[in-house]
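Engineer: My questions all concern the structure below.
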Amino acid sequence: MRERLRGALAPTIAFAAVLALWQASVWILRPPPFILPGVDRVIARLIAFGPGWVTHIVATIEGIVLGFVAAVVLGSLGAVLIVASDTIRRAITPLLVTIQIVPKIAFAPLILVWFGIGLTSRATIAFLIAFFPVLVNTAVGLVQVEPDLLDLARSIRAPRAWVFFRIRFPSSLPYFFAGLRVASTLAVIGAVIGEFVGSDVGLGYLIVIANNQIDTALGLAAIFLISLIGLLLYGAVVLLERL
């Protein structure tokens, strides 16, 4: 516990220093509140909005979690197929690379047309952005296996399923969780992009409304909550990896 507290001290000081510098800049430079409100104004806006946050927070979490879970499941299955079959790998790898090259924001208006305004669109964009890191990292992990272990498995004529679950799968876990850590942050970005493009609820939607109303304090409060959700999801992935 002492080591954990010592490890948390440095980032806590860094965050506090940034907030203090922000507030001091506002006191010294005195910019208009609609350009840069102080930390005190953002906190006051956060409190004043009160129960109104609940609906938007829940909507954002739903989009993030659904998109992230879909990316983990389909990305893992895709990695298994790529590793298991050379034919499938040669067939779909160029397609996957092409899709990855195209900026996902370019798909957002089309997804809005296909699925309309709602949870499906937000989760789909989150999935598209978070999918590729899970796929690539898991596939690399399944391939990066000690050659001696594979030779041993061949020598005893071990079934492919046994080789997968006893050799490839355990060896791939560090790569798999590395992909999950990246995907957890990208899923947050994707869900918020979905709320920017077309949504009537969510923290991203609130940021758009705050921008239209020049309510910078509300927008910064929403950004703070999005960051908090992202940190909690990332922390959950790290905790699962440790377990």
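Identifiers in this document derive from the order of the structure tokens: chains are assigned A, B, ..., residues are numbered from 1 separately in each chain, and ligands are numbered from 1 in order of occurrence.
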Please provide the set of residues having any atom within 7 Å of stretch 163-178 of chain A, restricted to only C-alpha atoms, with same-chain residues fewer than 5 positions apart removed, written as a PDB file with all heavy atoms, in the first residue's frame.
Structural biologist:
```
ATOM      1  N   VAL A 134      -6.921  -4.068 -31.257  1.00  0.00           N
ATOM      2  CA  VAL A 134      -7.154  -5.396 -30.673  1.00  0.00           C
ATOM      3  C   VAL A 134      -6.783  -6.483 -31.661  1.00  0.00           C
ATOM      4  O   VAL A 134      -6.104  -7.465 -31.324  1.00  0.00           O
ATOM      5  CB  VAL A 134      -8.631  -5.542 -30.243  1.00  0.00           C
ATOM      6  CG1 VAL A 134      -8.888  -6.941 -29.685  1.00  0.00           C
ATOM      7  CG2 VAL A 134      -9.001  -4.493 -29.214  1.00  0.00           C
ATOM      8  N   ASN A 137      -2.698  -6.478 -32.274  1.00  0.00           N
ATOM      9  CA  ASN A 137      -1.925  -6.916 -31.112  1.00  0.00           C
ATOM     10  C   ASN A 137      -2.192  -8.378 -30.782  1.00  0.00           C
ATOM     11  O   ASN A 137      -1.256  -9.124 -30.449  1.00  0.00           O
ATOM     12  CB  ASN A 137      -2.249  -6.039 -29.903  1.00  0.00           C
ATOM     13  CG  ASN A 137      -1.533  -4.720 -29.919  1.00  0.00           C
ATOM     14  OD1 ASN A 137      -0.424  -4.583 -29.447  1.00  0.00           O
ATOM     15  ND2 ASN A 137      -2.177  -3.723 -30.502  1.00  0.00           N
ATOM     16  N   THR A 138      -3.444  -8.802 -30.869  1.00  0.00           N
ATOM     17  CA  THR A 138      -3.755 -10.199 -30.577  1.00  0.00           C
ATOM     18  C   THR A 138      -3.135 -11.122 -31.619  1.00  0.00           C
ATOM     19  O   THR A 138      -2.583 -12.181 -31.269  1.00  0.00           O
ATOM     20  CB  THR A 138      -5.274 -10.409 -30.526  1.00  0.00           C
ATOM     21  OG1 THR A 138      -5.858  -9.491 -29.592  1.00  0.00           O
ATOM     22  CG2 THR A 138      -5.606 -11.825 -30.082  1.00  0.00           C
ATOM     23  N   GLY A 141       0.522 -11.415 -30.939  1.00  0.00           N
ATOM     24  CA  GLY A 141       0.758 -12.252 -29.769  1.00  0.00           C
ATOM     25  C   GLY A 141       0.584 -13.729 -30.056  1.00  0.00           C
ATOM     26  O   GLY A 141       1.327 -14.563 -29.531  1.00  0.00           O
ATOM     27  N   LEU A 142      -0.391 -14.066 -30.889  1.00  0.00           N
ATOM     28  CA  LEU A 142      -0.613 -15.473 -31.228  1.00  0.00           C
ATOM     29  C   LEU A 142       0.511 -16.037 -32.091  1.00  0.00           C
ATOM     30  O   LEU A 142       0.753 -17.252 -32.100  1.00  0.00           O
ATOM     31  CB  LEU A 142      -1.952 -15.634 -31.957  1.00  0.00           C
ATOM     32  CG  LEU A 142      -3.207 -15.382 -31.113  1.00  0.00           C
ATOM     33  CD1 LEU A 142      -4.452 -15.399 -31.987  1.00  0.00           C
ATOM     34  CD2 LEU A 142      -3.327 -16.430 -30.005  1.00  0.00           C
ATOM     35  N   VAL A 145       5.406 -16.866 -30.603  1.00  0.00           N
ATOM     36  CA  VAL A 145       5.496 -17.999 -29.683  1.00  0.00           C
ATOM     37  C   VAL A 145       6.894 -18.598 -29.799  1.00  0.00           C
ATOM     38  O   VAL A 145       7.496 -18.587 -30.878  1.00  0.00           O
ATOM     39  CB  VAL A 145       4.427 -19.063 -30.013  1.00  0.00           C
ATOM     40  CG1 VAL A 145       4.532 -20.239 -29.059  1.00  0.00           C
ATOM     41  CG2 VAL A 145       3.037 -18.450 -29.951  1.00  0.00           C
ATOM     42  N   ALA A 153       5.361 -29.393 -29.575  1.00  0.00           N
ATOM     43  CA  ALA A 153       3.969 -29.774 -29.815  1.00  0.00           C
ATOM     44  C   ALA A 153       3.849 -30.645 -31.061  1.00  0.00           C
ATOM     45  O   ALA A 153       3.076 -31.617 -31.094  1.00  0.00           O
ATOM     46  CB  ALA A 153       3.104 -28.519 -29.959  1.00  0.00           C
ATOM     47  N   ALA A 158       0.502 -32.953 -30.990  1.00  0.00           N
ATOM     48  CA  ALA A 158      -0.567 -32.328 -30.213  1.00  0.00           C
ATOM     49  C   ALA A 158      -1.630 -31.753 -31.144  1.00  0.00           C
ATOM     50  O   ALA A 158      -1.300 -31.184 -32.187  1.00  0.00           O
ATOM     51  CB  ALA A 158       0.008 -31.212 -29.342  1.00  0.00           C
ATOM     52  N   GLU A 241      -5.897  -7.129 -16.336  1.00  0.00           N
ATOM     53  CA  GLU A 241      -4.611  -7.677 -16.770  1.00  0.00           C
ATOM     54  C   GLU A 241      -3.813  -8.193 -15.577  1.00  0.00           C
ATOM     55  O   GLU A 241      -3.196  -9.267 -15.636  1.00  0.00           O
ATOM     56  CB  GLU A 241      -3.803  -6.609 -17.506  1.00  0.00           C
ATOM     57  CG  GLU A 241      -2.464  -7.084 -18.015  1.00  0.00           C
ATOM     58  CD  GLU A 241      -1.714  -6.002 -18.759  1.00  0.00           C
ATOM     59  OE1 GLU A 241      -2.166  -4.833 -18.737  1.00  0.00           O
ATOM     60  OE2 GLU A 241      -0.664  -6.316 -19.356  1.00  0.00           O
TER      61      GLU A 241
END
```
Engineer: Pick out each residue of stretch 108-168 of chain A that DSSP on the backbone tags as alpha helix (DSSP H); I need them as a ChimeraX atom specification.
Structural biologist: /A:108-115,119-143,147-155,160-163
Engineer: I want to know what sits within 10 Å of stretch 22-31 of chain A, based on only C-alpha atoms, with residues of the same chain fewer than 6 positions away left out; could you give that as a ChimeraX atom specification?
Structural biologist: /A:16,37-41
Engineer: With stretch 187-204 of chain A as the partner and 12 Å as the cut-off, tabulate the residues of stretch 69-88 of chain A that qualify, each row holding the nearest pair of atoms and their distance in Å to one decimal, using only C-alpha atoms, sorted by chain and rising number, as a Markdown table.
Structural biologist:
```
| residue | atom | partner | partner_atom | distance |
| --- | --- | --- | --- | --- |
| A:Val69 | CA | A:Ala187 | CA | 9.4 |
| A:Ala70 | CA | A:Ala187 | CA | 10.2 |
| A:Ala71 | CA | A:Ala187 | CA | 8.7 |
| A:Val72 | CA | A:Ala187 | CA | 10.6 |
```
Engineer: Find the residues around A:Thr120 up to 10 Å (only C-alpha atoms counted), leave out those fewer than 5 positions away in its own chain, and share them as a PyMOL selection string.
Structural biologist: chain A and resi 62-63+66-67+111-112+114-115+125-126+194
Engineer: Which residues come within 9 Å of A:Leu81, counting only C-alpha atoms, excluding same-chain residues fewer than 6 positions away, as a list in words?
Structural biologist: Ile88, Arg89 and Ala139 of chain A
